[in-house]
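Each remark here refers to the structure printed beneath this line.
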Amino acid sequence: MGTAAGGRGLTLRRAYVGHAVAALATFALLAGGLFAYRRWVLPFDGALTALLLLAPVTGFSLLTPFLRRRLAGPIGDLVEDASYLAVPVGFLWGLLTWGLVALRCLGLWRAVSAVPLGALWRLIPAPWDLGLTLGVSVLAVAWGLGEASRVRVVRYVVGSDRLPPGTSIRVVQISDLHLGMVNDRAFVARLCETLRGLEPHLLVSTGDLLDGPPEGLRDLAEALASVPHPLGAYAVLGNHEHYAGLEEAMEFHRACGMRILRDQWVPVGPLRIVGVDDPGYLSGPGRSREEAELWGSVPEDGVFTLALKHRPTVHRCSAGRFQLMLCGHVHGGQIFPFTLLALSAYRHSKGLKRMKGPFEGSLVYVSAGTGTWGAPVRLMAPPEVTVFQLVHRSSELRGEEAE
């Protein structure tokens, strides 16, 4: 796998299996689209055309780990970067190709013509429309590279009468950095500068801080550990820490100055922090019992309870036991149109939600994530660091976006 290069923004390290599956699925989508296009839009030997075009591209992506061992320095870095960026380009091109097939074959041009500039599409003959959609896909991924590098700060004020009068605690959440996949020193340096500027009293990580073996990441851990946080730094594990290896992942968190909470709760100043462990590969009745036991051990004594959980699933056993739960995992979909699919995967997949029913008086926040998984690309799902100012308020628990 590739090693880090100090100032290079796209130095990547990837899990081969995950990349291989993503590449195969992406190019299957594109191959199907091209086959349909050549079958129904521009009749020719569609299967042969798709194979001739896609075989070298797919082979390049799958053979990258072997090529990388033989190509050192900037050339090897360029090969690796191109391999991983080919996946989102192919994915977007596949979607647009299927869109072209639908437009051409289902007679949807009239609907498109009603959209501003939509009539221009009718002037583009096949197969030039394929070239146009490829260009759009490349530009979209280029935009997504920039979007992924610009971490925004999202602020909320959360007030509760469970906090002592005069309380003002600044909790800063990071999530889904996937260090070891995007091994970018410059990105982490900018992130740590942002965190220092926010002056957190409490720093929390809601999983997937690490992705893959932590070899060569010691300097990144030291950078995160250098961020001051008077009330400490706490973390829960995500599913990717299980894939990387629990012992190595926990040692890396400790090097970052973070205490991991695995189905534990601890008092921190006027707060209580509950950390819910992630099931990793497996979940089921056993995991549900463990979580129920955890929430059953949390006292109901009027103390403000901050819960950390990687996946945004809220079990009934936690009803009335927390005031604010912070989650991650979903990345806000990361790349459009997965941003839309994320909405169907979880009942709440992004932003702040005021709970109802047995959870009345509780808030759940799902971060869009700070880093990326796979290619370092985000499209219509900007990365974030989230700041929660916890204050005393005599009325019921409220969360509101800060100006």
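Ordering of the structure tokens sets the chain letters (A, B, ...); residue numbers start at 1 within each chain; ligands are numbered from 1 in the order shown.
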From segment 226-369 of chain A, collect each residue whose DSSP state is alpha helix (DSSP H) and return the set as a PyMOL selection string. chain A and resi 239-244+246-255+285-296+338-345
May I have the selected residues written with N, CA and C atoms, as a CSV table (one decimal), in the first residue's frame?
chain,number,residue,atom,x,y,z
A,239,ASN,N,-17.5,0.9,13.3
A,239,ASN,CA,-17.3,-0.4,12.7
A,239,ASN,C,-16.0,-0.6,12.1
A,240,HIS,N,-15.4,0.5,11.6
A,240,HIS,CA,-14.1,0.3,10.9
A,240,HIS,C,-12.9,0.1,11.9
A,241,GLU,N,-13.1,0.5,13.1
A,241,GLU,CA,-12.0,0.1,14.1
A,241,GLU,C,-12.0,-1.4,14.3
A,242,HIS,N,-13.2,-2.0,14.2
A,242,HIS,CA,-13.3,-3.5,14.3
A,242,HIS,C,-12.5,-4.1,13.2
A,243,TYR,N,-12.7,-3.6,12.0
A,243,TYR,CA,-12.0,-4.1,10.8
A,243,TYR,C,-10.5,-3.9,10.9
A,244,ALA,N,-10.1,-2.8,11.5
A,244,ALA,CA,-8.6,-2.5,11.6
A,244,ALA,C,-8.0,-3.4,12.6
A,246,LEU,N,-9.1,-4.4,16.9
A,246,LEU,CA,-9.5,-3.6,18.1
A,246,LEU,C,-8.3,-3.2,19.0
A,247,GLU,N,-7.4,-4.1,19.2
A,247,GLU,CA,-6.2,-3.7,20.1
A,247,GLU,C,-5.4,-2.6,19.5
A,248,GLU,N,-5.1,-2.7,18.2
A,248,GLU,CA,-4.4,-1.6,17.5
A,248,GLU,C,-5.2,-0.3,17.5
A,249,ALA,N,-6.5,-0.4,17.3
A,249,ALA,CA,-7.3,0.8,17.2
A,249,ALA,C,-7.4,1.5,18.6
A,250,MET,N,-7.5,0.7,19.7
A,250,MET,CA,-7.6,1.3,21.0
A,250,MET,C,-6.2,1.9,21.4
A,251,GLU,N,-5.1,1.3,21.0
A,251,GLU,CA,-3.8,1.9,21.3
A,251,GLU,C,-3.7,3.2,20.5
A,252,PHE,N,-4.2,3.3,19.3
A,252,PHE,CA,-4.1,4.5,18.5
A,252,PHE,C,-4.9,5.6,19.2
A,253,HIS,N,-6.1,5.3,19.7
A,253,HIS,CA,-6.9,6.3,20.4
A,253,HIS,C,-6.2,6.8,21.6
A,254,ARG,N,-5.6,5.9,22.3
A,254,ARG,CA,-4.8,6.4,23.5
A,254,ARG,C,-3.7,7.3,23.1
A,255,ALA,N,-3.0,7.0,22.0
A,255,ALA,CA,-2.0,7.9,21.5
A,255,ALA,C,-2.5,9.2,21.1
A,285,PRO,N,-29.4,-10.2,19.0
A,285,PRO,CA,-30.0,-10.2,20.3
A,285,PRO,C,-28.9,-10.0,21.4
A,286,GLY,N,-27.7,-10.6,21.2
A,286,GLY,CA,-26.7,-10.4,22.2
A,286,GLY,C,-26.2,-9.0,22.4
A,287,ARG,N,-26.1,-8.3,21.2
A,287,ARG,CA,-25.7,-6.9,21.3
A,287,ARG,C,-26.8,-6.0,21.9
A,288,SER,N,-28.0,-6.3,21.6
A,288,SER,CA,-29.1,-5.6,22.2
A,288,SER,C,-29.2,-5.7,23.7
A,289,ARG,N,-28.9,-7.0,24.2
A,289,ARG,CA,-28.9,-7.2,25.6
A,289,ARG,C,-27.8,-6.4,26.3
A,290,GLU,N,-26.6,-6.3,25.6
A,290,GLU,CA,-25.5,-5.6,26.2
A,290,GLU,C,-25.8,-4.1,26.3
A,291,GLU,N,-26.5,-3.6,25.3
A,291,GLU,CA,-26.8,-2.2,25.3
A,291,GLU,C,-27.9,-1.9,26.3
A,292,ALA,N,-28.9,-2.8,26.5
A,292,ALA,CA,-29.9,-2.7,27.5
A,292,ALA,C,-29.3,-2.7,28.9
A,293,GLU,N,-28.3,-3.5,29.1
A,293,GLU,CA,-27.6,-3.5,30.4
A,293,GLU,C,-26.9,-2.2,30.7
A,294,LEU,N,-26.3,-1.7,29.6
A,294,LEU,CA,-25.6,-0.4,29.8
A,294,LEU,C,-26.6,0.7,30.2
A,295,TRP,N,-27.7,0.8,29.5
A,295,TRP,CA,-28.6,1.9,29.8
A,295,TRP,C,-29.3,1.6,31.2
A,296,GLY,N,-29.5,0.4,31.5
A,296,GLY,CA,-30.1,0.1,32.8
A,296,GLY,C,-29.2,0.5,34.0
A,338,PHE,N,-25.9,9.2,-3.1
A,338,PHE,CA,-26.0,8.5,-1.8
A,338,PHE,C,-26.5,9.4,-0.7
A,339,THR,N,-26.4,10.7,-0.9
A,339,THR,CA,-27.0,11.6,0.0
A,339,THR,C,-28.5,11.4,0.2
A,340,LEU,N,-29.2,11.0,-0.9
A,340,LEU,CA,-30.6,10.7,-0.9
A,340,LEU,C,-30.8,9.3,-0.3
A,341,LEU,N,-30.0,8.4,-0.6
A,341,LEU,CA,-30.2,7.0,-0.1
A,341,LEU,C,-29.9,6.9,1.4
A,342,ALA,N,-29.1,7.8,1.9
A,342,ALA,CA,-28.8,7.8,3.3
A,342,ALA,C,-30.1,8.1,4.1
A,343,LEU,N,-31.0,8.9,3.5
A,343,LEU,CA,-32.2,9.2,4.2
A,343,LEU,C,-33.1,8.0,4.4
A,344,SER,N,-33.0,7.0,3.5
A,344,SER,CA,-33.8,5.8,3.7
A,344,SER,C,-33.1,4.7,4.5
A,345,ALA,N,-31.8,4.9,4.7
A,345,ALA,CA,-31.1,3.8,5.5
A,345,ALA,C,-31.4,4.0,7.0
Each residue of segment 367-392 of chain A lying at most 9 Å from segment 146-151 of chain A should get a row with its shortest atom-to-atom pair and the distance in Å to one decimal, counting only C-alpha atoms; could you produce that, ordered by chain and increasing number, as JSON lines?
{"residue": "A:Thr370", "atom": "CA", "partner": "A:Val151", "partner_atom": "CA", "distance": 6.8}
{"residue": "A:Gly371", "atom": "CA", "partner": "A:Ala148", "partner_atom": "CA", "distance": 7.3}
{"residue": "A:Thr372", "atom": "CA", "partner": "A:Ala148", "partner_atom": "CA", "distance": 7.3}
{"residue": "A:Pro376", "atom": "CA", "partner": "A:Ala148", "partner_atom": "CA", "distance": 6.4}
{"residue": "A:Val377", "atom": "CA", "partner": "A:Ala148", "partner_atom": "CA", "distance": 5.4}
{"residue": "A:Arg378", "atom": "CA", "partner": "A:Ala148", "partner_atom": "CA", "distance": 5.0}
{"residue": "A:Leu379", "atom": "CA", "partner": "A:Glu147", "partner_atom": "CA", "distance": 6.9}
{"residue": "A:Met380", "atom": "CA", "partner": "A:Glu147", "partner_atom": "CA", "distance": 8.2}
{"residue": "A:Ala381", "atom": "CA", "partner": "A:Glu147", "partner_atom": "CA", "distance": 8.2}
{"residue": "A:Pro382", "atom": "CA", "partner": "A:Glu147", "partner_atom": "CA", "distance": 6.0}
{"residue": "A:Pro383", "atom": "CA", "partner": "A:Val151", "partner_atom": "CA", "distance": 5.0}
{"residue": "A:Glu384", "atom": "CA", "partner": "A:Val151", "partner_atom": "CA", "distance": 5.0}
{"residue": "A:Val385", "atom": "CA", "partner": "A:Val151", "partner_atom": "CA", "distance": 6.8}
Segment 250-392 of chain A: residues DSSP assigns to strand (DSSP E or B), reported as an MDAnalysis selection string: chainID A and resid 259:260 264:268 271:276 304:309 324:327 335 351:354 363:366 379 384:392
For those residues, write N, CA and C atoms to a file as a tab-separated table (two decimals), in the first residue's frame.
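Output below, filename part17.tsv:
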chain	number	residue	atom	x	y	z
A	259	ARG	N	-9.89	8.79	25.63
A	259	ARG	CA	-10.34	7.65	26.42
A	259	ARG	C	-11.52	7.00	25.71
A	260	ILE	N	-11.43	5.70	25.49
A	260	ILE	CA	-12.49	4.98	24.80
A	260	ILE	C	-13.51	4.49	25.82
A	264	GLN	N	-19.75	1.97	28.59
A	264	GLN	CA	-19.40	2.52	29.90
A	264	GLN	C	-19.98	3.91	30.03
A	265	TRP	N	-20.10	4.38	31.28
A	265	TRP	CA	-20.43	5.77	31.52
A	265	TRP	C	-19.50	6.32	32.59
A	266	VAL	N	-19.17	7.62	32.45
A	266	VAL	CA	-18.25	8.26	33.39
A	266	VAL	C	-18.77	9.66	33.70
A	267	PRO	N	-18.57	10.14	34.94
A	267	PRO	CA	-18.89	11.54	35.25
A	267	PRO	C	-17.77	12.45	34.75
A	268	VAL	N	-18.15	13.55	34.11
A	268	VAL	CA	-17.17	14.52	33.62
A	268	VAL	C	-17.70	15.90	33.98
A	271	LEU	N	-21.43	16.84	33.89
A	271	LEU	CA	-22.08	15.95	32.91
A	271	LEU	C	-21.84	14.49	33.26
A	272	ARG	N	-22.58	13.67	32.55
A	272	ARG	CA	-22.30	12.24	32.50
A	272	ARG	C	-22.16	11.86	31.03
A	273	ILE	N	-21.10	11.14	30.69
A	273	ILE	CA	-20.90	10.70	29.30
A	273	ILE	C	-21.09	9.20	29.24
A	274	VAL	N	-21.95	8.78	28.33
A	274	VAL	CA	-22.21	7.35	28.10
A	274	VAL	C	-21.67	6.99	26.73
A	275	GLY	N	-20.84	5.96	26.66
A	275	GLY	CA	-20.29	5.50	25.39
A	275	GLY	C	-20.86	4.15	25.01
A	276	VAL	N	-21.55	4.08	23.87
A	276	VAL	CA	-22.16	2.83	23.40
A	276	VAL	C	-21.23	2.20	22.37
A	304	PHE	N	-27.21	15.85	33.56
A	304	PHE	CA	-27.25	15.93	32.09
A	304	PHE	C	-26.38	14.81	31.53
A	305	THR	N	-26.97	13.97	30.66
A	305	THR	CA	-26.27	12.81	30.11
A	305	THR	C	-26.02	13.01	28.62
A	306	LEU	N	-24.75	12.98	28.27
A	306	LEU	CA	-24.31	13.08	26.87
A	306	LEU	C	-23.94	11.67	26.41
A	307	ALA	N	-24.61	11.18	25.38
A	307	ALA	CA	-24.36	9.83	24.87
A	307	ALA	C	-23.57	9.91	23.57
A	308	LEU	N	-22.62	9.00	23.42
A	308	LEU	CA	-21.83	8.87	22.20
A	308	LEU	C	-22.11	7.50	21.60
A	309	LYS	N	-22.49	7.48	20.33
A	309	LYS	CA	-22.79	6.22	19.66
A	309	LYS	C	-22.48	6.38	18.18
A	324	LEU	N	-28.70	14.32	25.25
A	324	LEU	CA	-28.13	14.60	23.93
A	324	LEU	C	-27.31	13.40	23.50
A	325	MET	N	-27.60	12.85	22.32
A	325	MET	CA	-26.83	11.75	21.76
A	325	MET	C	-26.15	12.22	20.48
A	326	LEU	N	-24.84	11.96	20.38
A	326	LEU	CA	-24.06	12.33	19.20
A	326	LEU	C	-23.68	11.06	18.45
A	327	CYS	N	-23.91	11.07	17.13
A	327	CYS	CA	-23.66	9.90	16.28
A	327	CYS	C	-22.89	10.31	15.03
A	335	ILE	N	-21.40	11.15	-1.24
A	335	ILE	CA	-21.41	11.48	-2.66
A	335	ILE	C	-22.84	11.38	-3.19
A	351	GLY	N	-27.99	15.83	10.96
A	351	GLY	CA	-28.45	17.00	11.67
A	351	GLY	C	-29.08	16.70	13.01
A	352	LEU	N	-29.70	17.73	13.60
A	352	LEU	CA	-30.26	17.66	14.94
A	352	LEU	C	-31.74	17.29	14.88
A	353	LYS	N	-32.13	16.36	15.72
A	353	LYS	CA	-33.52	15.91	15.76
A	353	LYS	C	-34.02	15.93	17.20
A	354	ARG	N	-35.19	16.52	17.40
A	354	ARG	CA	-35.83	16.51	18.71
A	354	ARG	C	-36.73	15.27	18.78
A	363	LEU	N	-32.41	14.92	22.55
A	363	LEU	CA	-31.96	15.36	21.23
A	363	LEU	C	-30.97	14.34	20.68
A	364	VAL	N	-31.02	14.12	19.36
A	364	VAL	CA	-30.06	13.26	18.69
A	364	VAL	C	-29.43	14.06	17.55
A	365	TYR	N	-28.10	14.04	17.48
A	365	TYR	CA	-27.41	14.72	16.39
A	365	TYR	C	-26.58	13.71	15.61
A	366	VAL	N	-26.75	13.70	14.29
A	366	VAL	CA	-25.97	12.83	13.41
A	366	VAL	C	-25.03	13.70	12.58
A	379	LEU	N	-19.59	15.12	-2.36
A	379	LEU	CA	-20.40	15.85	-3.33
A	379	LEU	C	-21.76	16.11	-2.73
A	384	GLU	N	-17.72	18.20	8.34
A	384	GLU	CA	-17.97	19.16	9.41
A	384	GLU	C	-17.28	18.79	10.71
A	385	VAL	N	-17.04	19.81	11.49
A	385	VAL	CA	-16.76	19.71	12.92
A	385	VAL	C	-17.93	20.40	13.61
A	386	THR	N	-18.49	19.77	14.64
A	386	THR	CA	-19.70	20.30	15.26
A	386	THR	C	-19.41	20.77	16.67
A	387	VAL	N	-19.90	21.96	16.99
A	387	VAL	CA	-19.71	22.56	18.31
A	387	VAL	C	-21.05	22.66	19.02
A	388	PHE	N	-21.11	22.13	20.22
A	388	PHE	CA	-22.32	22.21	21.05
A	388	PHE	C	-21.99	23.00	22.31
A	389	GLN	N	-22.64	24.15	22.47
A	389	GLN	CA	-22.47	24.95	23.68
A	389	GLN	C	-23.57	24.53	24.65
A	390	LEU	N	-23.18	23.83	25.70
A	390	LEU	CA	-24.15	23.35	26.68
A	390	LEU	C	-24.31	24.40	27.77
A	391	VAL	N	-25.55	24.88	27.96
A	391	VAL	CA	-25.81	25.96	28.91
A	391	VAL	C	-27.01	25.60	29.77
A	392	HIS	N	-27.10	26.27	30.90
A	392	HIS	CA	-28.27	26.11	31.76
A	392	HIS	C	-29.44	26.88	31.16
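A straight line drawn from atom CA of Pro279 of chain A to atom CA of Ala20 of chain A is 24.0 Å long.
The space separating atom CA of Gly245 of chain A from atom CA of Val21 of chain A comes to 20.3 Å.
Between atom CA of Val138 of chain A and atom CA of Ala23 of chain A there is a distance of 16.3 Å.
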Could you list, as number ranges by chain, every residue within 7 Å of Pro200 of chain A, counting only C-alpha atoms and ignoring same-chain residues fewer than 3 positions away? A: 170-172, 203, 229
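Comparing A:Val303, A:Leu123, A:Trp93, A:Ala368 by their smallest distance to Gly135 of chain A, the closest is A:Trp93 (using only C-alpha atoms).
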Given only C-alpha atoms as the basis, pick out the residue of A:Arg347, A:Arg393, A:His331, A:Arg398 nearest to Leu163 of chain A. A:Arg393
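Comparing A:Ser367, A:Ser349, A:Asp161, A:Val298 by their smallest distance to Leu177 of chain A, the closest is A:Ser367 (using only C-alpha atoms).
Among A:Pro299, A:Val157, A:Gly238, A:Asp263, the residue with the shortest atom-to-atom distance to Val330 of chain A, counting only C-alpha atoms, is A:Gly238.
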